[in-house]
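A short write-up of the structure that comes next.
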Amino acid sequence: MEKINVLLVEDEQTLASIIKDTLDGSEFEIFLACNGREGIEKYKEIRPDIIVSDIMMPEMDGFTMVRRIRQTDPHLPVLFLSARSAANDVVAGFESGGNDYLKKPFGMAELVIRIKALLNRVTIHRQEPIRFELGKYIFDPVKQTLIFQQEKELLSNRELELLKRLCLYKDQVLPMQEVLLDL
């Protein structure tokens with residue numbers, strides 16, 4: 001059985017160790033990051049099945065991290081963990097791209113159940129890679145190619161990320177500054 005890769009982004013080392021020790025095992029493989037900036041780097045490196053993230057962290061908070069990841073990966077399940085339990089904090093968590101919100105303190109059994117529930121709800125999870133048809137063009141982000149009338153063009157990483165973002169956010173306005181800063 002293939003393990004579920006969980007990216008845990010938590011700045012409290014004691015809590016991160018407890019969660020890692022509890023979840024690491026036959027079902028889960030846990031990768032740790034201690035702030036949002038490191039979380040983005042780890043995300044790019046391992047492409048996890050799910051992210052479990054704190055909100056209040058140094059360098060970059062969880063909301064900002066998830067908003068940036070959502071620009072290129074709108075389907076990745078995200079579970080926020082936070083001591084912030086006011087209704088507006090929960091709403092902000094969902095608006096930033098979270099799929100679930102678990103208030104601290106929480107039980108480990110509840111955390112495991114919520115992770116599994118999120119993974120079961122995501123229909124795109126572990127499906128065949130997406131190909132985009134753009135008129136007479138076929139864009140394959142996995143192979144990093146753009147095909148036009150049987151001619152393949154290999155795309156640079158920057159071209160790939162820009163075209164993928166444009167395809168994922170079809171019929172939406174993308175702020176130029178945001179796109180340029182992230183690419």
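By convention in this document, the chains of the structure tokens carry letters A, B, ... by their order, each chain's residues are numbered from 1, and ligands are numbered from 1 in the order they are shown.
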If we count only C-alpha atoms, what is near range 26-39 of chain A at a cut-off of 9 Å, once residues fewer than 2 positions away on the same chain are taken out, given as a PyMOL selection string? chain A and resi 1-13+16+19-21+23-24+41-44+46+48+53-66
With C-alpha atoms retained, export the selected residues as a PDB file, in the first residue's frame.
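This went into selection.pdb:
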```pdb
ATOM      1  CA  MET A   1       0.000   0.000   0.000  1.00  0.00           C
ATOM      2  CA  GLU A   2       1.336   3.406  -0.992  1.00  0.00           C
ATOM      3  CA  LYS A   3       1.773   5.882   1.852  1.00  0.00           C
ATOM      4  CA  ILE A   4      -0.072   9.187   2.011  1.00  0.00           C
ATOM      5  CA  ASN A   5       2.429  12.051   1.841  1.00  0.00           C
ATOM      6  CA  VAL A   6       1.472  14.719   4.373  1.00  0.00           C
ATOM      7  CA  LEU A   7       3.192  18.095   4.462  1.00  0.00           C
ATOM      8  CA  LEU A   8       2.900  19.346   8.055  1.00  0.00           C
ATOM      9  CA  VAL A   9       3.657  23.063   8.377  1.00  0.00           C
ATOM     10  CA  GLU A  10       3.867  23.891  12.091  1.00  0.00           C
ATOM     11  CA  ASP A  11       6.200  26.270  13.933  1.00  0.00           C
ATOM     12  CA  GLU A  12       5.663  24.735  17.395  1.00  0.00           C
ATOM     13  CA  GLN A  13       8.298  21.991  17.353  1.00  0.00           C
ATOM     14  CA  ALA A  16       4.960  19.052  15.174  1.00  0.00           C
ATOM     15  CA  ILE A  19       1.772  14.913  15.216  1.00  0.00           C
ATOM     16  CA  LYS A  20       4.650  13.388  13.242  1.00  0.00           C
ATOM     17  CA  ASP A  21       5.139  10.576  15.767  1.00  0.00           C
ATOM     18  CA  LEU A  23       0.858   9.880  12.055  1.00  0.00           C
ATOM     19  CA  ASP A  24       4.174   8.514  10.772  1.00  0.00           C
ATOM     20  CA  GLU A  41       9.679  24.977  -0.810  1.00  0.00           C
ATOM     21  CA  LYS A  42       8.780  21.531   0.598  1.00  0.00           C
ATOM     22  CA  TYR A  43       5.528  21.521  -1.406  1.00  0.00           C
ATOM     23  CA  LYS A  44       7.463  22.053  -4.650  1.00  0.00           C
ATOM     24  CA  ILE A  46       7.640  16.558  -2.579  1.00  0.00           C
ATOM     25  CA  PRO A  48       2.281  16.055  -1.070  1.00  0.00           C
ATOM     26  CA  SER A  53      -0.842  23.731   8.325  1.00  0.00           C
ATOM     27  CA  ASP A  54      -0.824  26.077  11.265  1.00  0.00           C
ATOM     28  CA  ILE A  55      -1.883  29.648  10.542  1.00  0.00           C
ATOM     29  CA  MET A  56       0.225  31.903  12.760  1.00  0.00           C
ATOM     30  CA  MET A  57       3.879  31.296  11.873  1.00  0.00           C
ATOM     31  CA  PRO A  58       7.012  33.389  11.419  1.00  0.00           C
ATOM     32  CA  GLU A  59       8.186  34.554   7.972  1.00  0.00           C
ATOM     33  CA  MET A  60       4.943  33.613   6.185  1.00  0.00           C
ATOM     34  CA  ASP A  61       1.587  32.690   7.691  1.00  0.00           C
ATOM     35  CA  GLY A  62      -0.448  29.666   6.628  1.00  0.00           C
ATOM     36  CA  PHE A  63      -3.125  31.698   4.798  1.00  0.00           C
ATOM     37  CA  THR A  64      -0.526  33.358   2.547  1.00  0.00           C
ATOM     38  CA  MET A  65       1.248  30.056   1.905  1.00  0.00           C
ATOM     39  CA  VAL A  66      -1.967  28.335   0.844  1.00  0.00           C
TER      40      VAL A  66
END
```
Please list as a list of chain:residue names every residue within 7 Å of range 77-82 of chain A, counting only C-alpha atoms and excluding residues in the same chain fewer than 6 positions away. A:Ile50, A:Ile51, A:Val52, A:Ser53, A:Asp54, A:Ile55, A:Gly98, A:Asn99, A:Asp100, A:Tyr101, A:Leu102, A:Lys103, A:Lys104, A:Leu118, A:Leu119
Could you dump the residues just selected with C-alpha atoms as a PDB file, in the first residue's frame?
```pdb
ATOM      1  CA  ILE A  50      -2.380  16.827   1.577  1.00  0.00           C
ATOM      2  CA  ILE A  51      -1.159  19.828   3.575  1.00  0.00           C
ATOM      3  CA  VAL A  52      -1.824  20.222   7.296  1.00  0.00           C
ATOM      4  CA  SER A  53      -0.842  23.731   8.325  1.00  0.00           C
ATOM      5  CA  ASP A  54      -0.824  26.077  11.265  1.00  0.00           C
ATOM      6  CA  ILE A  55      -1.883  29.648  10.542  1.00  0.00           C
ATOM      7  CA  GLY A  98      -8.427  25.711   3.053  1.00  0.00           C
ATOM      8  CA  ASN A  99     -10.756  22.711   2.827  1.00  0.00           C
ATOM      9  CA  ASP A 100     -11.119  22.128   6.572  1.00  0.00           C
ATOM     10  CA  TYR A 101     -10.282  23.893   9.837  1.00  0.00           C
ATOM     11  CA  LEU A 102      -9.450  22.137  13.097  1.00  0.00           C
ATOM     12  CA  LYS A 103      -9.261  24.207  16.275  1.00  0.00           C
ATOM     13  CA  LYS A 104      -6.465  23.632  18.793  1.00  0.00           C
ATOM     14  CA  LEU A 118     -10.468  15.221   3.017  1.00  0.00           C
ATOM     15  CA  LEU A 119      -8.557  12.752   0.882  1.00  0.00           C
TER      16      LEU A 119
END
```
Using DSSP on the backbone coordinates, identify all residues within range 39-86 of chain A classified as alpha helix (DSSP H); present the result as a list of chain:residue names. A:Gly39, A:Ile40, A:Glu41, A:Lys42, A:Tyr43, A:Lys44, A:Glu45, A:Ile46, A:Gly62, A:Phe63, A:Thr64, A:Met65, A:Val66, A:Arg67, A:Arg68, A:Ile69, A:Arg70
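Note that CA of Leu76 in chain A and CA of Arg158 in chain A are 21.3 Å apart.
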Selected residue of minimal separation from Thr72 in chain A among A:Arg114, A:Arg47, A:Lys143, A:Arg84, counting only C-alpha atoms: A:Arg47
Strand (DSSP E) per DSSP on the backbone: members of range 23-91 of chain A, as a PyMOL selection string: chain A and resi 28-33+50-54+78-82
Selected residues written out with N, CA, C and O atoms, as a PDB file, in the first residue's frame:
```pdb
ATOM      1  N   PHE A  28       0.874   6.893   6.684  1.00  0.00           N
ATOM      2  CA  PHE A  28       1.305   8.247   6.369  1.00  0.00           C
ATOM      3  C   PHE A  28       2.820   8.373   6.368  1.00  0.00           C
ATOM      4  O   PHE A  28       3.511   7.719   7.135  1.00  0.00           O
ATOM      5  N   GLU A  29       3.305   9.262   5.507  1.00  0.00           N
ATOM      6  CA  GLU A  29       4.688   9.705   5.585  1.00  0.00           C
ATOM      7  C   GLU A  29       4.621  11.216   5.782  1.00  0.00           C
ATOM      8  O   GLU A  29       4.014  11.925   4.978  1.00  0.00           O
ATOM      9  N   ILE A  30       5.237  11.701   6.850  1.00  0.00           N
ATOM     10  CA  ILE A  30       5.126  13.101   7.243  1.00  0.00           C
ATOM     11  C   ILE A  30       6.395  13.855   6.863  1.00  0.00           C
ATOM     12  O   ILE A  30       7.506  13.418   7.167  1.00  0.00           O
ATOM     13  N   PHE A  31       6.205  14.998   6.220  1.00  0.00           N
ATOM     14  CA  PHE A  31       7.297  15.903   5.879  1.00  0.00           C
ATOM     15  C   PHE A  31       7.036  17.196   6.635  1.00  0.00           C
ATOM     16  O   PHE A  31       5.917  17.721   6.606  1.00  0.00           O
ATOM     17  N   LEU A  32       8.053  17.714   7.315  1.00  0.00           N
ATOM     18  CA  LEU A  32       7.884  18.882   8.180  1.00  0.00           C
ATOM     19  C   LEU A  32       8.441  20.156   7.565  1.00  0.00           C
ATOM     20  O   LEU A  32       9.469  20.135   6.886  1.00  0.00           O
ATOM     21  N   ALA A  33       7.745  21.262   7.845  1.00  0.00           N
ATOM     22  CA  ALA A  33       8.224  22.606   7.539  1.00  0.00           C
ATOM     23  C   ALA A  33       7.831  23.470   8.725  1.00  0.00           C
ATOM     24  O   ALA A  33       6.790  23.234   9.355  1.00  0.00           O
ATOM     25  N   ILE A  50      -1.586  15.934   0.744  1.00  0.00           N
ATOM     26  CA  ILE A  50      -2.380  16.827   1.577  1.00  0.00           C
ATOM     27  C   ILE A  50      -1.432  17.724   2.377  1.00  0.00           C
ATOM     28  O   ILE A  50      -0.309  17.321   2.685  1.00  0.00           O
ATOM     29  N   ILE A  51      -1.909  18.927   2.699  1.00  0.00           N
ATOM     30  CA  ILE A  51      -1.159  19.828   3.575  1.00  0.00           C
ATOM     31  C   ILE A  51      -1.952  20.027   4.851  1.00  0.00           C
ATOM     32  O   ILE A  51      -3.158  20.281   4.813  1.00  0.00           O
ATOM     33  N   VAL A  52      -1.267  19.900   5.984  1.00  0.00           N
ATOM     34  CA  VAL A  52      -1.824  20.222   7.296  1.00  0.00           C
ATOM     35  C   VAL A  52      -0.983  21.380   7.812  1.00  0.00           C
ATOM     36  O   VAL A  52       0.226  21.234   7.973  1.00  0.00           O
ATOM     37  N   SER A  53      -1.633  22.536   8.027  1.00  0.00           N
ATOM     38  CA  SER A  53      -0.842  23.731   8.325  1.00  0.00           C
ATOM     39  C   SER A  53      -1.415  24.552   9.462  1.00  0.00           C
ATOM     40  O   SER A  53      -2.627  24.744   9.568  1.00  0.00           O
ATOM     41  N   ASP A  54      -0.501  25.060  10.275  1.00  0.00           N
ATOM     42  CA  ASP A  54      -0.824  26.077  11.265  1.00  0.00           C
ATOM     43  C   ASP A  54      -1.078  27.375  10.500  1.00  0.00           C
ATOM     44  O   ASP A  54      -0.757  27.486   9.319  1.00  0.00           O
ATOM     45  N   VAL A  78      -6.256  20.892   1.861  1.00  0.00           N
ATOM     46  CA  VAL A  78      -5.557  21.648   2.897  1.00  0.00           C
ATOM     47  C   VAL A  78      -6.400  21.654   4.162  1.00  0.00           C
ATOM     48  O   VAL A  78      -7.583  22.006   4.132  1.00  0.00           O
ATOM     49  N   LEU A  79      -5.781  21.267   5.277  1.00  0.00           N
ATOM     50  CA  LEU A  79      -6.408  21.295   6.594  1.00  0.00           C
ATOM     51  C   LEU A  79      -5.643  22.282   7.457  1.00  0.00           C
ATOM     52  O   LEU A  79      -4.439  22.126   7.650  1.00  0.00           O
ATOM     53  N   PHE A  80      -6.337  23.312   7.939  1.00  0.00           N
ATOM     54  CA  PHE A  80      -5.705  24.279   8.831  1.00  0.00           C
ATOM     55  C   PHE A  80      -5.865  23.831  10.274  1.00  0.00           C
ATOM     56  O   PHE A  80      -6.935  23.355  10.675  1.00  0.00           O
ATOM     57  N   LEU A  81      -4.797  24.000  11.057  1.00  0.00           N
ATOM     58  CA  LEU A  81      -4.815  23.795  12.497  1.00  0.00           C
ATOM     59  C   LEU A  81      -4.564  25.163  13.115  1.00  0.00           C
ATOM     60  O   LEU A  81      -3.619  25.838  12.724  1.00  0.00           O
ATOM     61  N   SER A  82      -5.392  25.565  14.075  1.00  0.00           N
ATOM     62  CA  SER A  82      -5.139  26.882  14.657  1.00  0.00           C
ATOM     63  C   SER A  82      -5.796  27.045  16.013  1.00  0.00           C
ATOM     64  O   SER A  82      -6.862  26.489  16.279  1.00  0.00           O
TER      65      SER A  82
END
```
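You will find CA of Asp140 in chain A at 22.0 Å from CA of Arg68 in chain A.
Of note, CA of Lys164 in chain A and CA of Phe139 in chain A are spaced 8.4 Å apart.
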